[in-house]
Amino acid sequence: MQVPPTILSLKKRVTAEIDANFAAHTPAETCLLLDSTGPSFTRQYIVLNAIGLERLQAFNEIHAFSGSVYALFGFMAFSTGKNRVSIDSLCHPQAEKVFRDQHHTGAFSGVRSIAKLLTGQSAFSSTEPLIASLEYMFGDFVDLPFSYFASNIHIYLAKHKDQQLLVLSNNENCSPELEGLRSMSIKYIIAMAANVPFVYGGVKQGTPYFDPVYTKHYLATLKRITSTDKQTLISTPWRSGKKENRHYLNCYPSGNARWQMLKDFSRLVSGRRNIAWSRDIYTAFKLAN
């Protein structure tokens, strides 16, 4: 697979910055924050593979939002051989067609999805396409309950755009309302975390929570997480560099991140081909540093 120079530079930069961070700070004294990345959550695979499973498990805390929750659990499956579909298969340029077909049925599905958006409806009627993709790639792994996973993981969900965000964890930081979700299969939790209201419909029967990025308290929550005295590694599309105890690791290639997200979003909704997902997986797991 051909990888554009911008993605090659991204992998090189990410690897160097992560190595520099761990040359100065141990994972045990570091907090990892995986920010939302838009439709290309697969960019986080490049970051996560550079971190590695051993260091990931050793982080003091992990905080994940939106599609990065998908990437976090997906990376753990890939790293432990629990994926149902091989990485080689997912790196094939045609692999994305399965994901596309899980979102679109029929020749005019893309047109219908665009029309729904233009009339104030969500592009898709539920999170079922997300769940189908998780089952396809990871099989039994995504049937595991959240309680199976480490206590350093914190997943953020929203119930209403005006309410404080809720956090799911296997420690005392868990919101009381979400304690019952600990016994739920992670595929449903991942789908709710990535449940963008205008894409997958938001809150509805059987799906009581949605992507917290689309609330008034999202930015405030990010600031609260990063305001502690812990060294914090932040994988985000929006910022680079260091400030006090915060290391901002830009997980997008050079260029306008908003424009790149808009292109990925338009391809998702319209049912057009997008090899970025396969290319990111190839770059993360197959391309030598």
# chains A, B, ... in the order shown; residues from 1 in each chain; ligands from 1

$ select_by_dssp --residues "range 33-189 of chain A" --states "strand (DSSP E or B)" --output "list in words"
Leu33, Leu34, Glu61, Ile62, His63, Ala64, Pro145, Ile153, His154, Ile155, Tyr156, Leu157, Ala158, Leu166, Val167, Leu168, Ser169 and Ser185 of chain A

$ closest_atom_pairs --of "range 17-82 of chain A" --to "range 233-251 of chain A" --cutoff "6 Å" --atoms "only C-alpha atoms" --output "JSON lines"
{"residue": "A:Leu32", "atom": "CA", "partner": "A:Leu233", "partner_atom": "CA", "distance": 4.9}
{"residue": "A:Leu33", "atom": "CA", "partner": "A:Ile234", "partner_atom": "CA", "distance": 4.7}
{"residue": "A:Leu34", "atom": "CA", "partner": "A:Ser235", "partner_atom": "CA", "distance": 5.1}
{"residue": "A:Asp35", "atom": "CA", "partner": "A:Thr236", "partner_atom": "CA", "distance": 5.1}

$ write_last_selection --atoms "all heavy atoms" --output "PDB file, in the first residue's frame"
ATOM      1  N   LEU A  32      -3.028   9.476  30.039  1.00  0.00           N
ATOM      2  CA  LEU A  32      -3.237   9.520  28.584  1.00  0.00           C
ATOM      3  C   LEU A  32      -4.643  10.001  28.297  1.00  0.00           C
ATOM      4  O   LEU A  32      -5.619   9.456  28.829  1.00  0.00           O
ATOM      5  CB  LEU A  32      -3.034   8.137  27.975  1.00  0.00           C
ATOM      6  CG  LEU A  32      -3.344   8.007  26.469  1.00  0.00           C
ATOM      7  CD1 LEU A  32      -2.352   8.830  25.643  1.00  0.00           C
ATOM      8  CD2 LEU A  32      -3.310   6.546  26.030  1.00  0.00           C
ATOM      9  N   LEU A  33      -4.763  11.010  27.438  1.00  0.00           N
ATOM     10  CA  LEU A  33      -6.073  11.507  27.018  1.00  0.00           C
ATOM     11  C   LEU A  33      -6.181  11.334  25.501  1.00  0.00           C
ATOM     12  O   LEU A  33      -5.376  11.884  24.746  1.00  0.00           O
ATOM     13  CB  LEU A  33      -6.243  12.982  27.396  1.00  0.00           C
ATOM     14  CG  LEU A  33      -7.671  13.554  27.321  1.00  0.00           C
ATOM     15  CD1 LEU A  33      -7.783  14.823  28.166  1.00  0.00           C
ATOM     16  CD2 LEU A  33      -8.093  13.882  25.891  1.00  0.00           C
ATOM     17  N   LEU A  34      -7.157  10.547  25.067  1.00  0.00           N
ATOM     18  CA  LEU A  34      -7.419  10.326  23.652  1.00  0.00           C
ATOM     19  C   LEU A  34      -8.626  11.167  23.248  1.00  0.00           C
ATOM     20  O   LEU A  34      -9.769  10.826  23.541  1.00  0.00           O
ATOM     21  CB  LEU A  34      -7.684   8.836  23.390  1.00  0.00           C
ATOM     22  CG  LEU A  34      -6.533   7.884  23.753  1.00  0.00           C
ATOM     23  CD1 LEU A  34      -7.003   6.426  23.645  1.00  0.00           C
ATOM     24  CD2 LEU A  34      -5.326   8.116  22.858  1.00  0.00           C
ATOM     25  N   ASP A  35      -8.359  12.258  22.587  1.00  0.00           N
ATOM     26  CA  ASP A  35      -9.407  13.195  22.195  1.00  0.00           C
ATOM     27  C   ASP A  35     -10.149  12.683  20.961  1.00  0.00           C
ATOM     28  O   ASP A  35      -9.684  11.781  20.252  1.00  0.00           O
ATOM     29  CB  ASP A  35      -8.766  14.558  21.910  1.00  0.00           C
ATOM     30  CG  ASP A  35      -9.759  15.702  21.879  1.00  0.00           C
ATOM     31  OD1 ASP A  35     -10.945  15.473  22.190  1.00  0.00           O
ATOM     32  OD2 ASP A  35      -9.345  16.832  21.556  1.00  0.00           O
TER      33      ASP A  35
END

$ closest_atom_pairs --of "range 45-144 of chain A" --to "range 198-201 of chain A" --cutoff "12 Å" --atoms "only C-alpha atoms" --output "Markdown table"
| residue | atom | partner | partner_atom | distance |
| --- | --- | --- | --- | --- |
| A:His103 | CA | A:Tyr200 | CA | 10.1 |
| A:Ser113 | CA | A:Val199 | CA | 9.0 |
| A:Ile114 | CA | A:Val199 | CA | 10.3 |
| A:Lys116 | CA | A:Phe198 | CA | 9.5 |
| A:Leu117 | CA | A:Phe198 | CA | 7.2 |
| A:Leu118 | CA | A:Phe198 | CA | 10.5 |
| A:Thr119 | CA | A:Phe198 | CA | 10.9 |
| A:Gly120 | CA | A:Phe198 | CA | 8.0 |
| A:Gln121 | CA | A:Phe198 | CA | 6.7 |
| A:Ser122 | CA | A:Phe198 | CA | 4.3 |
| A:Ala123 | CA | A:Val199 | CA | 4.8 |
| A:Phe124 | CA | A:Tyr200 | CA | 5.0 |
| A:Ser125 | CA | A:Gly201 | CA | 5.8 |
| A:Ser126 | CA | A:Tyr200 | CA | 4.9 |
| A:Thr127 | CA | A:Tyr200 | CA | 5.4 |
| A:Glu128 | CA | A:Tyr200 | CA | 8.5 |
| A:Pro129 | CA | A:Tyr200 | CA | 8.8 |
| A:Leu130 | CA | A:Tyr200 | CA | 9.0 |
| A:Ile131 | CA | A:Tyr200 | CA | 11.5 |

$ write_last_selection --atoms "N, CA, C and O atoms" --output "JSON list (two decimals), in the first residue's frame"
[["chain", "number", "residue", "atom", "x", "y", "z"],
["A", 103, "HIS", "N", -22.97, 0.51, 6.56],
["A", 103, "HIS", "CA", -23.69, 1.79, 6.71],
["A", 103, "HIS", "C", -24.71, 2.02, 5.61],
["A", 103, "HIS", "O", -25.70, 2.74, 5.82],
["A", 113, "SER", "N", -29.14, 9.35, 2.75],
["A", 113, "SER", "CA", -28.49, 9.83, 3.98],
["A", 113, "SER", "C", -28.24, 11.33, 3.92],
["A", 113, "SER", "O", -28.46, 12.05, 4.90],
["A", 114, "ILE", "N", -27.79, 11.81, 2.77],
["A", 114, "ILE", "CA", -27.57, 13.25, 2.60],
["A", 114, "ILE", "C", -28.89, 14.00, 2.71],
["A", 114, "ILE", "O", -28.99, 15.06, 3.36],
["A", 116, "LYS", "N", -31.55, 13.13, 4.34],
["A", 116, "LYS", "CA", -31.99, 13.13, 5.74],
["A", 116, "LYS", "C", -31.26, 14.22, 6.53],
["A", 116, "LYS", "O", -31.88, 14.92, 7.33],
["A", 117, "LEU", "N", -29.96, 14.37, 6.29],
["A", 117, "LEU", "CA", -29.21, 15.42, 6.98],
["A", 117, "LEU", "C", -29.76, 16.80, 6.61],
["A", 117, "LEU", "O", -29.91, 17.67, 7.49],
["A", 118, "LEU", "N", -30.06, 17.00, 5.34],
["A", 118, "LEU", "CA", -30.55, 18.30, 4.88],
["A", 118, "LEU", "C", -31.93, 18.64, 5.43],
["A", 118, "LEU", "O", -32.31, 19.81, 5.47],
["A", 119, "THR", "N", -32.66, 17.62, 5.86],
["A", 119, "THR", "CA", -34.00, 17.86, 6.43],
["A", 119, "THR", "C", -34.02, 17.74, 7.95],
["A", 119, "THR", "O", -35.08, 17.59, 8.55],
["A", 120, "GLY", "N", -32.82, 17.80, 8.55],
["A", 120, "GLY", "CA", -32.74, 17.83, 10.01],
["A", 120, "GLY", "C", -32.79, 16.48, 10.69],
["A", 120, "GLY", "O", -32.92, 16.40, 11.91],
["A", 121, "GLN", "N", -32.70, 15.39, 9.92],
["A", 121, "GLN", "CA", -32.68, 14.04, 10.50],
["A", 121, "GLN", "C", -31.25, 13.53, 10.58],
["A", 121, "GLN", "O", -30.34, 14.10, 9.97],
["A", 122, "SER", "N", -31.05, 12.46, 11.33],
["A", 122, "SER", "CA", -29.72, 11.86, 11.37],
["A", 122, "SER", "C", -29.49, 11.06, 10.10],
["A", 122, "SER", "O", -30.43, 10.51, 9.51],
["A", 123, "ALA", "N", -28.22, 10.98, 9.69],
["A", 123, "ALA", "CA", -27.89, 10.29, 8.44],
["A", 123, "ALA", "C", -28.28, 8.81, 8.50],
["A", 123, "ALA", "O", -28.74, 8.24, 7.52],
["A", 124, "PHE", "N", -28.07, 8.19, 9.67],
["A", 124, "PHE", "CA", -28.42, 6.78, 9.87],
["A", 124, "PHE", "C", -29.37, 6.67, 11.06],
["A", 124, "PHE", "O", -29.37, 7.53, 11.95],
["A", 125, "SER", "N", -30.16, 5.63, 11.09],
["A", 125, "SER", "CA", -31.24, 5.56, 12.07],
["A", 125, "SER", "C", -30.81, 5.04, 13.44],
["A", 125, "SER", "O", -31.56, 5.16, 14.40],
["A", 126, "SER", "N", -29.61, 4.44, 13.53],
["A", 126, "SER", "CA", -29.18, 3.87, 14.80],
["A", 126, "SER", "C", -27.67, 3.64, 14.77],
["A", 126, "SER", "O", -27.00, 3.91, 13.76],
["A", 127, "THR", "N", -27.15, 3.12, 15.87],
["A", 127, "THR", "CA", -25.72, 2.79, 15.95],
["A", 127, "THR", "C", -25.43, 1.37, 15.43],
["A", 127, "THR", "O", -24.31, 0.89, 15.57],
["A", 128, "GLU", "N", -26.40, 0.72, 14.83],
["A", 128, "GLU", "CA", -26.20, -0.65, 14.35],
["A", 128, "GLU", "C", -25.01, -0.79, 13.40],
["A", 128, "GLU", "O", -24.29, -1.80, 13.45],
["A", 129, "PRO", "N", -24.76, 0.16, 12.49],
["A", 129, "PRO", "CA", -23.57, 0.01, 11.63],
["A", 129, "PRO", "C", -22.27, -0.06, 12.43],
["A", 129, "PRO", "O", -21.36, -0.82, 12.07],
["A", 130, "LEU", "N", -22.17, 0.71, 13.51],
["A", 130, "LEU", "CA", -20.98, 0.67, 14.35],
["A", 130, "LEU", "C", -20.85, -0.69, 15.03],
["A", 130, "LEU", "O", -19.77, -1.28, 15.07],
["A", 131, "ILE", "N", -21.95, -1.18, 15.57],
["A", 131, "ILE", "CA", -21.93, -2.48, 16.25],
["A", 131, "ILE", "C", -21.58, -3.58, 15.27],
["A", 131, "ILE", "O", -20.79, -4.49, 15.59]]

$ select_by_dssp --residues "range 33-237 of chain A" --states "helix (DSSP H, G or I)" --output "PyMOL selection string"
chain A and resi 43-51+53-58+67-79+87-90+96-103+109-118+128-143+146-148+176-183+186-193+197-200+212-214+218-226

$ write_last_selection --atoms "C-alpha atoms" --output "short mmCIF file (atom, residue, chain, number, x, y, z; two decimals), in the first residue's frame"
data_model
loop_
_atom_site.label_atom_id
_atom_site.label_comp_id
_atom_site.auth_asym_id
_atom_site.auth_seq_id
_atom_site.Cartn_x
_atom_site.Cartn_y
_atom_site.Cartn_z
CA ARG A 43 -5.41 7.84 13.36
CA GLN A 44 -5.28 6.91 17.02
CA TYR A 45 -3.96 3.46 16.07
CA ILE A 46 -0.74 5.16 14.94
CA VAL A 47 -0.42 6.79 18.35
CA LEU A 48 -1.44 3.73 20.35
CA ASN A 49 0.91 1.36 18.53
CA ALA A 50 3.79 3.76 19.11
CA ILE A 51 2.90 3.70 22.82
CA LEU A 53 0.37 -2.36 24.93
CA GLU A 54 2.72 -2.68 27.91
CA ARG A 55 2.97 1.07 28.45
CA LEU A 56 -0.74 1.49 27.74
CA GLN A 57 -1.60 -0.92 30.54
CA ALA A 58 0.80 0.87 32.88
CA GLY A 67 -14.36 7.41 18.21
CA SER A 68 -11.13 7.16 20.19
CA VAL A 69 -12.97 4.70 22.44
CA TYR A 70 -13.35 2.50 19.34
CA ALA A 71 -9.62 2.86 18.66
CA LEU A 72 -8.64 2.11 22.27
CA PHE A 73 -10.46 -1.21 22.50
CA GLY A 74 -9.62 -2.06 18.89
CA PHE A 75 -5.94 -1.59 19.63
CA MET A 76 -6.16 -3.87 22.65
CA ALA A 77 -7.78 -6.54 20.48
CA PHE A 78 -5.15 -6.22 17.75
CA SER A 79 -2.30 -6.27 20.28
CA ILE A 87 -4.58 -6.92 10.05
CA ASP A 88 -3.33 -7.94 6.59
CA SER A 89 -6.93 -8.23 5.39
CA LEU A 90 -7.87 -4.86 6.88
CA GLU A 96 -13.24 -0.41 3.65
CA LYS A 97 -16.10 -1.61 1.43
CA VAL A 98 -17.31 -3.86 4.26
CA PHE A 99 -17.53 -0.87 6.59
CA ARG A 100 -19.25 1.14 3.87
CA ASP A 101 -21.79 -1.62 3.19
CA GLN A 102 -22.59 -1.85 6.90
CA HIS A 103 -23.69 1.79 6.71
CA SER A 109 -28.41 4.93 0.25
CA GLY A 110 -25.85 7.73 0.16
CA VAL A 111 -28.33 10.10 -1.47
CA ARG A 112 -30.95 9.21 1.14
CA SER A 113 -28.49 9.83 3.98
CA ILE A 114 -27.57 13.25 2.60
CA ALA A 115 -31.26 14.11 2.13
CA LYS A 116 -31.99 13.13 5.74
CA LEU A 117 -29.21 15.42 6.98
CA LEU A 118 -30.55 18.30 4.88
CA GLU A 128 -26.20 -0.65 14.35
CA PRO A 129 -23.57 0.01 11.63
CA LEU A 130 -20.98 0.67 14.35
CA ILE A 131 -21.93 -2.48 16.25
CA ALA A 132 -21.84 -4.53 13.04
CA SER A 133 -18.33 -3.28 12.25
CA LEU A 134 -17.12 -4.13 15.76
CA GLU A 135 -18.58 -7.65 15.56
CA TYR A 136 -17.08 -8.16 12.11
CA MET A 137 -13.55 -7.11 13.07
CA PHE A 138 -13.30 -8.28 16.67
CA GLY A 139 -15.83 -11.09 17.17
CA ASP A 140 -16.07 -12.41 20.73
CA PHE A 141 -13.69 -9.75 22.07
CA VAL A 142 -16.36 -7.04 21.89
CA ASP A 143 -18.82 -9.27 23.75
CA PHE A 146 -16.58 -3.51 30.50
CA SER A 147 -15.81 -4.92 33.96
CA TYR A 148 -13.24 -7.23 32.32
CA PRO A 176 -23.21 6.21 39.89
CA GLU A 177 -25.67 6.22 37.00
CA LEU A 178 -23.22 4.27 34.83
CA GLU A 179 -22.20 1.58 37.31
CA GLY A 180 -24.77 -0.76 35.75
CA LEU A 181 -22.97 -0.47 32.38
CA ARG A 182 -19.97 -2.32 33.79
CA SER A 183 -21.71 -5.61 32.97
CA ILE A 186 -18.14 -3.22 25.25
CA LYS A 187 -19.52 -3.13 21.71
CA TYR A 188 -22.56 -1.24 22.98
CA ILE A 189 -20.45 1.12 25.09
CA ILE A 190 -18.14 1.86 22.16
CA ALA A 191 -21.14 2.51 19.91
CA MET A 192 -22.70 4.92 22.43
CA ALA A 193 -19.40 6.77 22.89
CA PRO A 197 -26.44 12.66 17.17
CA PHE A 198 -26.71 13.92 13.59
CA VAL A 199 -25.02 10.79 12.25
CA TYR A 200 -26.41 7.89 14.32
CA PRO A 212 -20.12 13.77 24.67
CA VAL A 213 -18.28 15.97 22.16
CA TYR A 214 -21.71 17.37 21.22
CA TYR A 218 -17.05 18.71 26.66
CA LEU A 219 -14.31 21.36 26.66
CA ALA A 220 -14.67 21.98 30.37
CA THR A 221 -14.22 18.26 31.00
CA LEU A 222 -11.04 18.19 28.92
CA LYS A 223 -9.68 21.10 30.96
CA ARG A 224 -10.56 19.38 34.23
CA ILE A 225 -8.78 16.17 33.20
CA THR A 226 -5.64 18.08 32.23
#

$ closest_residue --among "A:Leu157, A:His25, A:Asn170, A:Ser175" --to "Thr207 in chain A" --atoms "only C-alpha atoms"
A:Leu157

$ residues_around --residues "Ile155 in chain A" --least-positions-apart "4" --cutoff "6 Å" --atoms "only C-alpha atoms" --output "NGL selection string"
:A and (64 or 167-168)

$ write_last_selection --atoms "N, CA and C atoms" --output "PDB file, in the first residue's frame"
ATOM      1  N   ALA A  64     -10.806   8.483  27.379  1.00  0.00           N
ATOM      2  CA  ALA A  64     -11.093   8.363  25.948  1.00  0.00           C
ATOM      3  C   ALA A  64     -12.468   8.931  25.611  1.00  0.00           C
ATOM      4  N   VAL A 167     -18.974   9.533  33.408  1.00  0.00           N
ATOM      5  CA  VAL A 167     -17.767   8.744  33.193  1.00  0.00           C
ATOM      6  C   VAL A 167     -17.993   7.303  33.621  1.00  0.00           C
ATOM      7  N   LEU A 168     -17.579   6.386  32.765  1.00  0.00           N
ATOM      8  CA  LEU A 168     -17.660   4.961  33.054  1.00  0.00           C
ATOM      9  C   LEU A 168     -16.256   4.449  33.357  1.00  0.00           C
TER      10      LEU A 168
END

$ atom_distance --atom1 "CA of Phe149 in chain A" --atom2 "CA of Cys174 in chain A"
13.7 Å

$ atom_distance --atom1 "CA of Leu268 in chain A" --atom2 "CA of Phe210 in chain A"
18.6 Å

$ atom_distance --atom1 "CA of Asn195 in chain A" --atom2 "CA of Gly271 in chain A"
18.1 Å

$ closest_residue --among "A:Thr105, A:Pro39, A:Asp229, A:Ala158" --to "Trp259 in chain A" --atoms "only C-alpha atoms"
A:Pro39

$ decode --residues "range 91-124 of chain A" --atoms "C-alpha atoms" --output "PDB file, in the first residue's frame"
ATOM      1  CA  CYS A  91      -4.902  -3.244   5.130  1.00  0.00           C
ATOM      2  CA  HIS A  92      -6.256  -4.180   1.701  1.00  0.00           C
ATOM      3  CA  PRO A  93      -7.546  -1.093  -0.160  1.00  0.00           C
ATOM      4  CA  GLN A  94     -10.915  -2.806  -0.683  1.00  0.00           C
ATOM      5  CA  ALA A  95     -11.371  -3.634   3.007  1.00  0.00           C
ATOM      6  CA  GLU A  96     -13.242  -0.408   3.654  1.00  0.00           C
ATOM      7  CA  LYS A  97     -16.100  -1.610   1.432  1.00  0.00           C
ATOM      8  CA  VAL A  98     -17.306  -3.859   4.255  1.00  0.00           C
ATOM      9  CA  PHE A  99     -17.533  -0.872   6.593  1.00  0.00           C
ATOM     10  CA  ARG A 100     -19.251   1.135   3.869  1.00  0.00           C
ATOM     11  CA  ASP A 101     -21.789  -1.618   3.192  1.00  0.00           C
ATOM     12  CA  GLN A 102     -22.591  -1.850   6.901  1.00  0.00           C
ATOM     13  CA  HIS A 103     -23.690   1.789   6.712  1.00  0.00           C
ATOM     14  CA  HIS A 104     -25.323   1.748   3.288  1.00  0.00           C
ATOM     15  CA  THR A 105     -27.728  -0.656   1.598  1.00  0.00           C
ATOM     16  CA  GLY A 106     -28.868  -0.073  -1.956  1.00  0.00           C
ATOM     17  CA  ALA A 107     -27.576   2.106  -4.754  1.00  0.00           C
ATOM     18  CA  PHE A 108     -29.182   5.296  -3.453  1.00  0.00           C
ATOM     19  CA  SER A 109     -28.415   4.925   0.246  1.00  0.00           C
ATOM     20  CA  GLY A 110     -25.848   7.729   0.162  1.00  0.00           C
ATOM     21  CA  VAL A 111     -28.328  10.103  -1.472  1.00  0.00           C
ATOM     22  CA  ARG A 112     -30.954   9.214   1.140  1.00  0.00           C
ATOM     23  CA  SER A 113     -28.492   9.827   3.981  1.00  0.00           C
ATOM     24  CA  ILE A 114     -27.573  13.254   2.605  1.00  0.00           C
ATOM     25  CA  ALA A 115     -31.260  14.108   2.126  1.00  0.00           C
ATOM     26  CA  LYS A 116     -31.986  13.129   5.736  1.00  0.00           C
ATOM     27  CA  LEU A 117     -29.214  15.418   6.976  1.00  0.00           C
ATOM     28  CA  LEU A 118     -30.545  18.304   4.883  1.00  0.00           C
ATOM     29  CA  THR A 119     -33.996  17.860   6.429  1.00  0.00           C
ATOM     30  CA  GLY A 120     -32.736  17.826  10.008  1.00  0.00           C
ATOM     31  CA  GLN A 121     -32.680  14.045  10.495  1.00  0.00           C
ATOM     32  CA  SER A 122     -29.722  11.864  11.373  1.00  0.00           C
ATOM     33  CA  ALA A 123     -27.888  10.285   8.445  1.00  0.00           C
ATOM     34  CA  PHE A 124     -28.422   6.777   9.868  1.00  0.00           C
TER      35      PHE A 124
END
